[in-house]
$ cat entry_5.txt   # compact mmCIF, C-alpha atoms
# COMPACT_ATOMS: atom_id res chain seq x y z
CA MET A 1 1.56 11.60 -92.75
CA GLU A 2 3.81 8.53 -92.89
CA ASP A 3 6.29 10.32 -90.65
CA ARG A 4 3.58 11.08 -88.14
CA VAL A 5 2.38 7.53 -88.22
CA GLY A 6 5.94 6.18 -87.81
CA ARG A 7 7.20 8.45 -85.01
CA GLY A 8 4.20 10.17 -83.53
CA PRO A 9 3.00 9.44 -80.01
CA THR A 10 0.37 7.08 -81.31
CA GLY A 11 2.62 5.52 -83.98
CA ARG A 12 4.39 2.14 -84.49
CA GLY A 13 7.67 3.39 -82.89
CA ALA A 14 5.90 4.25 -79.66
CA GLY A 15 4.25 0.82 -79.65
CA LEU A 16 7.65 -0.86 -80.09
CA LYS A 17 9.10 1.20 -77.24
CA LEU A 18 6.20 0.29 -75.02
CA ALA A 19 6.58 -3.40 -75.88
CA LYS A 20 10.32 -3.27 -75.07
CA ARG A 21 9.60 -1.61 -71.74
CA ALA A 22 6.93 -4.16 -70.95
CA GLY A 23 9.33 -6.97 -71.89
CA GLY A 24 12.05 -5.51 -69.70
CA ALA A 25 9.64 -5.09 -66.81
CA LEU A 26 8.48 -8.69 -67.21
CA ALA A 27 12.10 -9.91 -67.21
CA ILE A 28 12.74 -8.01 -63.97
CA VAL A 29 9.58 -9.39 -62.38
CA ALA A 30 10.65 -12.93 -63.41
CA LEU A 31 14.11 -12.40 -61.94
CA PHE A 32 12.69 -11.09 -58.68
CA ALA A 33 10.34 -14.07 -58.54
CA GLY A 34 13.38 -16.34 -59.07
CA ILE A 35 15.24 -14.63 -56.23
CA ALA A 36 12.19 -14.88 -53.98
CA LEU A 37 11.91 -18.63 -54.68
CA LEU A 38 15.61 -19.07 -54.01
CA TRP A 39 15.36 -17.26 -50.69
CA ARG A 40 12.38 -19.39 -49.77
CA ARG A 41 14.51 -22.48 -50.34
CA VAL A 42 17.34 -21.01 -48.27
CA LEU A 43 14.94 -20.12 -45.47
CA ARG A 44 13.41 -23.60 -45.61
CA ALA A 45 16.90 -25.10 -45.39
CA ARG A 46 17.50 -22.93 -42.34
CA GLY A 47 14.20 -24.08 -40.90
CA ARG A 48 15.35 -27.71 -41.16
CA THR A 49 18.11 -27.16 -38.64
CA GLU A 50 15.86 -27.17 -35.61
CA THR A 51 17.47 -27.51 -32.22
CA PRO A 52 16.88 -30.80 -30.35
CA ALA A 53 14.73 -28.78 -27.90
CA ASP A 54 12.54 -27.58 -30.79
CA VAL A 55 12.15 -31.15 -32.02
CA GLN A 56 11.33 -32.42 -28.54
CA ALA A 57 8.69 -29.70 -28.14
CA ALA A 58 7.13 -30.75 -31.47
CA ILE A 59 7.25 -34.42 -30.41
CA ASP A 60 5.64 -33.60 -27.05
CA LEU A 61 2.80 -31.87 -28.90
CA ALA A 62 2.38 -34.82 -31.25
CA ASN A 63 2.40 -37.22 -28.29
CA ARG A 64 -0.37 -35.19 -26.64
CA ALA A 65 -2.35 -35.35 -29.88
CA TYR A 66 -1.73 -39.14 -29.94
CA LEU A 67 -3.14 -39.54 -26.42
CA GLU A 68 -6.11 -37.26 -27.12
CA ALA A 69 -6.95 -39.16 -30.30
CA LEU A 70 -6.95 -42.48 -28.42
CA GLU A 71 -8.94 -41.15 -25.47
CA ASN A 72 -11.47 -39.45 -27.77
CA GLY A 73 -11.76 -42.54 -29.94
CA ASP A 74 -10.78 -40.44 -32.97
CA ALA A 75 -9.17 -42.77 -35.54
CA ALA A 76 -8.69 -40.04 -38.16
CA ALA A 77 -6.82 -37.79 -35.70
CA TYR A 78 -4.72 -40.81 -34.67
CA GLY A 79 -3.89 -41.67 -38.28
CA ALA A 80 -2.96 -38.07 -39.06
CA ILE A 81 0.07 -38.35 -36.75
CA PHE A 82 1.65 -41.06 -38.97
CA THR A 83 3.58 -40.78 -42.23
CA ASP A 84 1.95 -42.25 -45.34
CA ASP A 85 4.30 -45.27 -45.27
CA ALA A 86 4.44 -45.63 -41.48
CA ILE A 87 4.86 -48.97 -39.73
CA SER A 88 2.96 -49.73 -36.55
CA MET A 89 4.24 -52.62 -34.44
CA PRO A 90 1.80 -53.17 -31.58
CA ALA A 91 3.22 -55.47 -28.94
CA ARG A 92 0.27 -57.85 -29.06
CA GLY A 93 -0.71 -57.45 -32.67
CA LYS A 94 0.46 -57.90 -36.22
CA ILE A 95 2.48 -55.25 -38.03
CA VAL A 96 0.34 -52.64 -39.77
CA ARG A 97 1.83 -50.83 -42.75
CA GLY A 98 0.72 -47.45 -44.08
CA ARG A 99 -1.25 -44.57 -42.55
CA ARG A 100 -4.60 -45.67 -43.99
CA ALA A 101 -4.21 -49.22 -42.70
CA ILE A 102 -3.13 -47.90 -39.30
CA GLU A 103 -6.19 -45.66 -39.19
CA ALA A 104 -8.48 -48.53 -40.21
CA SER A 105 -6.85 -50.81 -37.63
CA ILE A 106 -7.27 -48.36 -34.75
CA GLU A 107 -10.82 -47.57 -35.89
CA GLY A 108 -11.63 -51.26 -35.51
CA ALA A 109 -9.93 -51.45 -32.12
CA LEU A 110 -11.67 -48.31 -30.81
CA ARG A 111 -15.09 -49.91 -31.45
CA HIS A 112 -14.63 -52.14 -28.43
CA ILE A 113 -11.66 -50.68 -26.54
CA ALA A 114 -11.72 -47.46 -24.51
CA PHE A 115 -8.43 -45.77 -23.60
CA ARG A 116 -8.27 -43.70 -20.43
CA ALA A 117 -5.58 -42.05 -18.28
CA GLY A 118 -2.97 -42.31 -21.01
CA ASP A 119 0.54 -41.31 -20.10
CA ILE A 120 3.54 -41.04 -22.41
CA ARG A 121 6.93 -40.07 -21.02
CA THR A 122 9.97 -39.61 -23.20
CA ILE A 123 13.14 -41.18 -21.80
CA GLU A 124 15.32 -39.75 -24.51
CA THR A 125 15.22 -38.50 -28.07
CA HIS A 126 18.01 -38.49 -30.64
CA VAL A 127 17.65 -36.04 -33.52
CA ASP A 128 19.45 -36.69 -36.77
CA GLY A 129 18.39 -34.22 -39.46
CA LYS A 130 14.87 -35.07 -40.59
CA THR A 131 14.78 -38.24 -38.50
CA ALA A 132 14.41 -38.46 -34.72
CA TYR A 133 14.07 -41.55 -32.59
CA GLU A 134 12.44 -41.48 -29.22
CA LEU A 135 12.48 -44.04 -26.44
CA GLY A 136 9.92 -43.73 -23.70
CA ARG A 137 7.42 -45.29 -21.33
CA TYR A 138 3.67 -45.57 -21.83
CA SER A 139 0.74 -46.42 -19.64
CA PHE A 140 -2.97 -46.69 -20.44
CA ASP A 141 -6.06 -47.78 -18.58
CA VAL A 142 -7.88 -49.90 -21.09
CA THR A 143 -11.42 -51.15 -20.95
CA ALA A 144 -12.20 -53.86 -23.45
CA ASP A 145 -15.63 -55.50 -23.54
CA GLY A 146 -16.30 -54.58 -19.91
CA SER A 147 -13.01 -55.71 -18.38
CA ALA A 148 -10.43 -53.13 -17.37
CA GLN A 149 -6.66 -53.40 -17.22
CA THR A 150 -3.59 -51.19 -17.29
CA LEU A 151 -1.21 -51.58 -20.20
CA ALA A 152 2.30 -50.29 -19.60
CA GLY A 153 5.74 -50.69 -21.06
CA ARG A 154 8.41 -49.03 -23.14
CA TYR A 155 8.14 -47.75 -26.66
CA LEU A 156 10.28 -46.73 -29.58
CA VAL A 157 9.04 -44.16 -32.04
CA VAL A 158 10.98 -43.14 -35.12
CA TRP A 159 9.84 -39.68 -36.17
CA ARG A 160 10.21 -38.14 -39.64
CA LYS A 161 9.90 -34.49 -40.51
CA VAL A 162 7.26 -34.21 -43.23
CA ARG A 163 7.07 -30.61 -44.47
CA ASP A 164 6.54 -28.69 -41.21
CA ASP A 165 5.38 -31.56 -39.01
CA TRP A 166 7.08 -34.40 -37.19
CA LYS A 167 5.21 -37.63 -37.92
CA ILE A 168 5.56 -41.20 -36.75
CA ALA A 169 7.40 -43.44 -39.21
CA VAL A 170 7.73 -46.44 -36.88
CA ASP A 171 5.83 -47.04 -33.65
CA ALA A 172 6.85 -50.10 -31.64
CA SER A 173 5.90 -50.96 -28.09
CA ASP A 174 7.59 -53.34 -25.69
CA PRO A 175 5.29 -54.42 -22.86
CA THR A 176 7.97 -56.34 -20.99
CA PRO A 177 9.19 -54.80 -17.77
CA ALA A 178 12.76 -53.55 -18.03
CA ALA A 179 15.22 -55.25 -15.75
CA MET B 1 19.73 0.87 -78.20
CA SER B 2 17.87 3.55 -76.27
CA ARG B 3 19.09 4.84 -72.92
CA THR B 4 16.11 3.25 -71.14
CA ALA B 5 16.80 -0.13 -72.71
CA LYS B 6 20.46 0.13 -71.67
CA ARG B 7 19.43 0.93 -68.12
CA LEU B 8 17.02 -1.98 -68.09
CA LEU B 9 19.71 -4.32 -69.40
CA THR B 10 22.22 -3.13 -66.78
CA PHE B 11 19.63 -3.56 -64.03
CA ALA B 12 18.71 -7.02 -65.30
CA CYS B 13 22.41 -8.01 -65.31
CA ILE B 14 22.79 -6.82 -61.70
CA VAL B 15 19.70 -8.75 -60.60
CA LEU B 16 20.91 -11.83 -62.47
CA GLY B 17 24.31 -11.53 -60.78
CA ILE B 18 22.70 -11.28 -57.35
CA SER B 19 20.48 -14.30 -57.98
CA LEU B 20 23.47 -16.33 -59.24
CA ALA B 21 25.47 -15.39 -56.15
CA ALA B 22 22.52 -16.35 -53.90
CA SER B 23 22.17 -19.65 -55.75
CA ILE B 24 25.89 -20.44 -55.30
CA LEU B 25 25.67 -19.50 -51.62
CA ALA B 26 22.65 -21.76 -51.11
CA SER B 27 24.43 -24.66 -52.87
CA VAL B 28 27.56 -24.22 -50.74
CA ARG B 29 25.46 -24.17 -47.57
CA ALA B 30 23.55 -27.28 -48.63
CA ALA B 31 26.82 -29.06 -49.46
CA ARG B 32 28.28 -28.06 -46.09
CA ARG B 33 25.29 -29.51 -44.34
CA GLY B 34 25.86 -32.75 -46.15
CA ARG B 35 22.59 -32.69 -48.03
CA ARG B 36 24.25 -33.14 -51.37
CA SER B 37 25.36 -36.67 -50.66
CA GLU B 38 25.17 -39.30 -53.34
CA PRO B 39 21.82 -40.99 -53.74
CA VAL B 40 21.63 -44.27 -51.89
CA GLY B 41 20.58 -47.25 -54.01
CA LEU B 42 17.98 -49.58 -52.53
CA LEU B 43 19.73 -52.77 -53.63
CA ALA B 44 23.13 -51.56 -52.41
CA VAL B 45 21.64 -50.64 -49.02
CA HIS B 46 19.86 -54.01 -48.73
CA ALA B 47 23.11 -55.81 -49.52
CA ALA B 48 25.15 -53.69 -47.07
CA ILE B 49 22.62 -54.18 -44.28
CA ALA B 50 22.36 -57.91 -44.94
CA ARG B 51 26.16 -58.14 -44.68
CA ALA B 52 26.17 -56.11 -41.46
CA ASN B 53 23.42 -58.31 -39.97
CA GLU B 54 25.43 -61.41 -40.90
CA ALA B 55 28.47 -59.93 -39.14
CA VAL B 56 26.36 -59.14 -36.04
CA LEU B 57 25.06 -62.74 -35.96
CA ASP B 58 28.61 -64.03 -36.43
CA ALA B 59 29.74 -61.94 -33.44
CA LEU B 60 26.87 -63.44 -31.39
CA HIS B 61 27.89 -66.99 -32.41
CA ARG B 62 31.52 -66.29 -31.49
CA CYS B 63 30.49 -64.57 -28.23
CA ASP B 64 32.68 -61.62 -29.21
CA PRO B 65 31.44 -58.42 -27.54
CA SER B 66 33.95 -56.14 -29.30
CA ALA B 67 33.06 -57.48 -32.75
CA TYR B 68 29.35 -57.11 -31.87
CA ALA B 69 29.67 -53.53 -30.61
CA GLU B 70 31.83 -52.57 -33.57
CA HIS B 71 28.67 -52.46 -35.70
CA PHE B 72 27.17 -49.69 -33.57
CA THR B 73 27.73 -45.94 -33.80
CA GLY B 74 29.63 -44.31 -30.93
CA ASP B 75 26.43 -42.88 -29.41
CA ALA B 76 24.15 -45.79 -30.30
CA LEU B 77 21.16 -46.78 -28.20
CA SER B 78 20.19 -50.35 -27.50
CA MET B 79 16.85 -51.32 -25.98
CA PRO B 80 17.00 -55.07 -25.43
CA GLY B 81 13.86 -56.94 -24.44
CA TYR B 82 13.73 -57.40 -20.65
CA GLY B 83 16.87 -55.28 -20.20
CA PRO B 84 17.61 -51.64 -19.43
CA ILE B 85 18.47 -49.18 -22.19
CA VAL B 86 22.19 -49.21 -22.99
CA ARG B 87 23.80 -46.01 -24.26
CA GLY B 88 26.96 -45.85 -26.36
CA ARG B 89 29.15 -48.40 -28.15
CA GLU B 90 31.44 -49.01 -25.18
CA ALA B 91 28.53 -49.64 -22.82
CA ILE B 92 27.00 -51.98 -25.42
CA ALA B 93 30.28 -53.95 -25.56
CA ILE B 94 30.32 -54.20 -21.75
CA ALA B 95 26.64 -55.28 -21.64
CA MET B 96 27.29 -57.94 -24.28
CA ALA B 97 30.37 -59.21 -22.44
CA ASP B 98 28.13 -59.57 -19.39
CA THR B 99 25.52 -61.43 -21.50
CA PHE B 100 28.15 -63.75 -23.02
CA ALA B 101 29.36 -64.60 -19.50
CA LYS B 102 25.89 -65.99 -18.77
CA ILE B 103 24.59 -67.39 -22.06
CA ARG B 104 25.81 -68.81 -25.34
CA PHE B 105 24.00 -68.25 -28.63
CA ALA B 106 23.52 -71.73 -30.11
CA GLU B 107 21.42 -70.36 -32.96
CA ALA B 108 20.82 -66.81 -34.11
CA GLN B 109 18.65 -65.74 -37.02
CA MET B 110 17.42 -62.37 -38.23
CA SER B 111 15.07 -61.79 -41.13
CA THR B 112 14.26 -58.35 -42.48
CA LEU B 113 10.58 -57.47 -42.88
CA ASP B 114 10.72 -53.83 -44.04
CA THR B 115 13.40 -51.38 -45.07
CA ARG B 116 12.80 -47.65 -45.43
CA ILE B 117 15.61 -45.50 -46.77
CA HIS B 118 15.68 -41.84 -45.83
CA GLY B 119 18.94 -40.38 -47.11
CA GLU B 120 21.70 -41.32 -44.70
CA THR B 121 19.30 -43.16 -42.40
CA VAL B 122 17.66 -46.53 -42.94
CA LEU B 123 14.85 -47.96 -40.86
CA GLU B 124 14.75 -51.73 -40.74
CA THR B 125 12.14 -53.90 -39.07
CA GLY B 126 12.49 -57.63 -38.81
CA ARG B 127 12.10 -60.79 -36.81
CA TYR B 128 14.70 -62.57 -34.71
CA ARG B 129 14.99 -66.08 -33.35
CA TYR B 130 17.72 -66.96 -30.91
CA VAL B 131 18.36 -70.28 -29.22
CA VAL B 132 20.43 -69.52 -26.14
CA VAL B 133 22.08 -71.88 -23.69
CA ASP B 134 22.35 -70.92 -20.03
CA LEU B 135 26.01 -71.54 -19.16
CA ALA B 136 25.19 -72.27 -15.51
CA THR B 137 22.36 -74.75 -16.04
CA ASP B 138 22.92 -75.83 -19.65
CA GLU B 139 19.23 -75.09 -20.22
CA ARG B 140 18.24 -74.14 -23.78
CA LYS B 141 15.73 -71.41 -24.39
CA THR B 142 14.25 -70.07 -27.63
CA LEU B 143 13.77 -66.30 -27.79
CA THR B 144 11.68 -64.85 -30.61
CA GLY B 145 10.34 -61.44 -31.41
CA ARG B 146 10.58 -58.45 -33.70
CA TYR B 147 13.18 -55.74 -33.88
CA VAL B 148 13.61 -52.21 -35.15
CA ILE B 149 17.04 -51.02 -36.22
CA VAL B 150 17.92 -47.49 -37.27
CA TRP B 151 20.99 -47.67 -39.48
CA LYS B 152 23.20 -44.70 -40.11
CA ARG B 153 25.85 -44.34 -42.78
CA VAL B 154 29.19 -43.58 -41.19
CA GLY B 155 31.77 -43.07 -43.93
CA ASN B 156 31.38 -46.08 -46.22
CA ARG B 157 29.73 -48.29 -43.63
CA TRP B 158 26.24 -48.66 -42.26
CA LYS B 159 26.19 -48.73 -38.49
CA ILE B 160 23.45 -49.30 -35.94
CA ALA B 161 22.32 -46.07 -34.29
CA LEU B 162 19.39 -47.70 -32.51
CA ASP B 163 18.48 -51.31 -31.85
CA ALA B 164 15.18 -52.06 -30.14
CA ALA B 165 13.71 -55.48 -29.50
CA GLN B 166 10.05 -56.38 -29.22
CA PRO B 167 10.19 -59.75 -27.49
CA GLY B 168 7.40 -62.26 -27.87
CA ALA B 169 5.62 -60.39 -30.66
CA VAL B 170 2.96 -62.39 -32.45
CA PRO B 171 3.87 -63.95 -35.83
CA ASP B 172 2.91 -61.88 -38.89
$ encode --input "entry_5.txt" --output "structure tokens"
Amino acid sequence: MEDRVGRGPTGRGAGLKLAKRAGGALAIVALFAGIALLWRRVLRARGRTETPADVQAAIDLANRAYLEALENGDAAAYGAIFTDDAISMPARGKIVRGRRAIEASIEGALRHIAFRAGDIRTIETHVDGKTAYELGRYSFDVTADGSAQTLAGRYLVVWRKVRDDWKIAVDASDPTPAA
Amino acid sequence: MSRTAKRLLTFACIVLGISLAASILASVRAARRGRRSEPVGLLAVHAAIARANEAVLDALHRCDPSAYAEHFTGDALSMPGYGPIVRGREAIAIAMADTFAKIRFAEAQMSTLDTRIHGETVLETGRYRYVVVDLATDERKTLTGRYVIVWKRVGNRWKIALDAAQPGAVPD
């Protein structure tokens, strides 16, 4: 009886074997998971090396979203284009620090300013790893409290890659006409 | 040890070997791409940038275009207020020589407002105040505004990759 209990198909020995197999299988699963994570990191590292054309395409998209947000009066969509610690330097206003403050600031401005016919044109973009800086020209038709005017000038935007998106880290405008 | 356990152990060793090799490969690639650089200390960066700004101001005082341009990277961009974009260190030196032929910097001050460190790149915003003297008319003019500088570490030095002025910005 003892022998049957110890070695039989339903005995302690079989249980031990099963446990060993399960342990081995778990170890293999853990190793494969480790390899998968490692490959993910390698692939992510590969993903970081975007070509300048890729970065410019992403920046063009973000710039379109920027214009749409202003023209639609959508402060949340505008804020979403900035990094959490972004700095906004409007030509005629005080420096605004942080995405939430930038969103609150534009929300206040959009209550009495309407942006129309926005145009953003990149002059050039330099890409340096996860940072890119873009120089360009902007133009907006702005209606504030009934009076309309066109705002135009040059801008500098420093972009930062945050996970899969390029976001604005610094946004500075220069309304003076270039010589 | 049973045959199955031996097989499992052998298989586990192979998998472990592969994952180690992949890990080493990933590390080598990361190192090659320069992502394994030493962490940059905030205080050290502040001090280095303050020194570089002092040297830039000194070059302005001495009207020395070469010394001024020396603080820029080879492919730097400069967007001066009221002036066209200047591309590259040599062109910046030429533009500054042209500026120094017309004006003298009687006073030059820069004060940092924000510094953001992102690895080998530092974003600096600040305010400037220059008192310039027109060499033809001897007229003094005060120029104030804000600036954005993108600093890049080149070897052991921090150099200006981008310098953009925002003339006449309101006080903060």
$ interface_residues --input "entry_5.txt" --of "chain A" --to "chain B" --cutoff "8 Å" --atoms "only C-alpha atoms" --output "number ranges by chain"
A: 20-21, 24, 27-28, 31-32, 34-35, 38-39, 42, 45, 91-95, 131, 156, 172-174, 176-179
$ residues_around --input "entry_5.txt" --residues "Lys161 of chain A" --least-positions-apart "2" --cutoff "9 Å" --atoms "all atoms listed in the file" --output "number ranges by chain"
A: 48, 129-132, 159, 163-168
$ atom_distance --input "entry_5.txt" --atom1 "atom CA of Ile120 of chain A" --atom2 "atom CA of Pro175 of chain A"
13.5 Å
$ residues_around --input "entry_5.txt" --residues "Ala169 of chain A" --least-positions-apart "6" --cutoff "9 Å" --atoms "all atoms listed in the file" --output "JSON list (two decimals) with C-alpha atoms, in the coordinates of the input"
[["chain", "number", "residue", "atom", "x", "y", "z"],
["A", 82, "PHE", "CA", 1.65, -41.06, -38.97],
["A", 83, "THR", "CA", 3.58, -40.78, -42.23],
["A", 84, "ASP", "CA", 1.95, -42.25, -45.34],
["A", 85, "ASP", "CA", 4.30, -45.27, -45.27],
["A", 86, "ALA", "CA", 4.44, -45.63, -41.48],
["A", 87, "ILE", "CA", 4.86, -48.97, -39.73],
["A", 88, "SER", "CA", 2.96, -49.73, -36.55],
["A", 157, "VAL", "CA", 9.04, -44.16, -32.04],
["A", 158, "VAL", "CA", 10.98, -43.14, -35.12],
["A", 159, "TRP", "CA", 9.84, -39.68, -36.17],
["A", 160, "ARG", "CA", 10.21, -38.14, -39.64],
["B", 123, "LEU", "CA", 14.85, -47.96, -40.86]]
$ residues_around --input "entry_5.txt" --residues "segment 107-113 of chain A" --least-positions-apart "6" --cutoff "8 Å" --atoms "all atoms listed in the file" --output "PDB file with C-alpha atoms, in the frame of the given file"
ATOM      1  CA  LEU A  70      -6.950 -42.480 -28.420  1.00  0.00           C
ATOM      2  CA  GLY A  73     -11.760 -42.540 -29.940  1.00  0.00           C
ATOM      3  CA  ASP A  74     -10.780 -40.440 -32.970  1.00  0.00           C
ATOM      4  CA  ALA A  75      -9.170 -42.770 -35.540  1.00  0.00           C
ATOM      5  CA  VAL A 142      -7.880 -49.900 -21.090  1.00  0.00           C
ATOM      6  CA  THR A 143     -11.420 -51.150 -20.950  1.00  0.00           C
ATOM      7  CA  ALA A 144     -12.200 -53.860 -23.450  1.00  0.00           C
ATOM      8  CA  ASP A 145     -15.630 -55.500 -23.540  1.00  0.00           C
TER       9      ASP A 145
END
$ atom_distance --input "entry_5.txt" --atom1 "atom CA of Thr150 of chain A" --atom2 "atom CA of Arg137 of chain A"
13.1 Å
$ atom_distance --input "entry_5.txt" --atom1 "atom CA of Ser139 of chain A" --atom2 "atom CA of Leu61 of chain A"
17.4 Å
$ residues_around --input "entry_5.txt" --residues "Asn72 of chain A" --least-positions-apart "3" --cutoff "12 Å" --atoms "only C-alpha atoms" --output "number ranges by chain"
A: 64-69, 75-78, 107, 110-111, 113-118
$ build_atoms --input "entry_5.txt" --residues "segment 86-113 of chain A" --atoms "N, CA and C atoms" --output "compact mmCIF listing (two decimals), keeping the file's coordinate frame"
# COMPACT_ATOMS: atom_id res chain seq x y z
N ALA A 86 4.07 -45.27 -42.86
CA ALA A 86 4.44 -45.63 -41.48
C ALA A 86 4.25 -47.12 -41.19
N ILE A 87 4.98 -47.58 -40.18
CA ILE A 87 4.86 -48.97 -39.73
C ILE A 87 4.48 -48.95 -38.25
N SER A 88 3.39 -49.62 -37.94
CA SER A 88 2.96 -49.73 -36.55
C SER A 88 3.21 -51.16 -36.08
N MET A 89 3.91 -51.29 -34.97
CA MET A 89 4.24 -52.62 -34.44
C MET A 89 3.67 -52.75 -33.04
N PRO A 90 2.37 -53.01 -32.93
CA PRO A 90 1.80 -53.17 -31.58
C PRO A 90 2.35 -54.43 -30.93
N ALA A 91 2.57 -54.35 -29.64
CA ALA A 91 3.22 -55.47 -28.94
C ALA A 91 2.42 -56.76 -29.08
N ARG A 92 1.09 -56.64 -29.03
CA ARG A 92 0.27 -57.85 -29.06
C ARG A 92 -0.44 -58.06 -30.39
N GLY A 93 -0.02 -57.32 -31.38
CA GLY A 93 -0.71 -57.45 -32.67
C GLY A 93 0.25 -57.55 -33.84
N LYS A 94 -0.35 -57.77 -35.01
CA LYS A 94 0.46 -57.90 -36.22
C LYS A 94 0.92 -56.52 -36.68
N ILE A 95 1.96 -56.51 -37.49
CA ILE A 95 2.48 -55.25 -38.03
C ILE A 95 1.45 -54.64 -38.98
N VAL A 96 1.26 -53.34 -38.87
CA VAL A 96 0.34 -52.64 -39.77
C VAL A 96 1.17 -51.64 -40.57
N ARG A 97 1.01 -51.68 -41.88
CA ARG A 97 1.83 -50.83 -42.75
C ARG A 97 0.99 -49.79 -43.48
N GLY A 98 1.39 -48.54 -43.37
CA GLY A 98 0.72 -47.45 -44.08
C GLY A 98 -0.29 -46.73 -43.21
N ARG A 99 -0.37 -45.41 -43.39
CA ARG A 99 -1.25 -44.57 -42.55
C ARG A 99 -2.71 -45.02 -42.63
N ARG A 100 -3.18 -45.30 -43.84
CA ARG A 100 -4.60 -45.67 -43.99
C ARG A 100 -4.92 -46.97 -43.26
N ALA A 101 -3.99 -47.93 -43.39
CA ALA A 101 -4.21 -49.22 -42.70
C ALA A 101 -4.14 -49.05 -41.19
N ILE A 102 -3.25 -48.16 -40.75
CA ILE A 102 -3.13 -47.90 -39.30
C ILE A 102 -4.42 -47.27 -38.79
N GLU A 103 -4.94 -46.33 -39.57
CA GLU A 103 -6.19 -45.66 -39.19
C GLU A 103 -7.35 -46.67 -39.14
N ALA A 104 -7.40 -47.53 -40.16
CA ALA A 104 -8.48 -48.53 -40.21
C ALA A 104 -8.35 -49.50 -39.03
N SER A 105 -7.10 -49.86 -38.72
CA SER A 105 -6.85 -50.81 -37.63
C SER A 105 -7.28 -50.22 -36.28
N ILE A 106 -6.91 -48.96 -36.04
CA ILE A 106 -7.27 -48.36 -34.75
C ILE A 106 -8.77 -48.09 -34.69
N GLU A 107 -9.37 -47.80 -35.84
CA GLU A 107 -10.82 -47.57 -35.89
C GLU A 107 -11.55 -48.84 -35.43
N GLY A 108 -11.04 -49.98 -35.91
CA GLY A 108 -11.63 -51.26 -35.51
C GLY A 108 -11.44 -51.52 -34.03
N ALA A 109 -10.23 -51.21 -33.54
CA ALA A 109 -9.93 -51.45 -32.12
C ALA A 109 -10.77 -50.54 -31.22
N LEU A 110 -10.94 -49.28 -31.65
CA LEU A 110 -11.67 -48.31 -30.81
C LEU A 110 -13.16 -48.62 -30.69
N ARG A 111 -13.66 -49.53 -31.54
CA ARG A 111 -15.09 -49.91 -31.45
C ARG A 111 -15.37 -50.66 -30.15
N HIS A 112 -14.37 -51.39 -29.67
CA HIS A 112 -14.63 -52.14 -28.43
C HIS A 112 -13.58 -51.94 -27.35
N ILE A 113 -12.66 -50.98 -27.58
CA ILE A 113 -11.66 -50.68 -26.54
C ILE A 113 -11.73 -49.18 -26.23
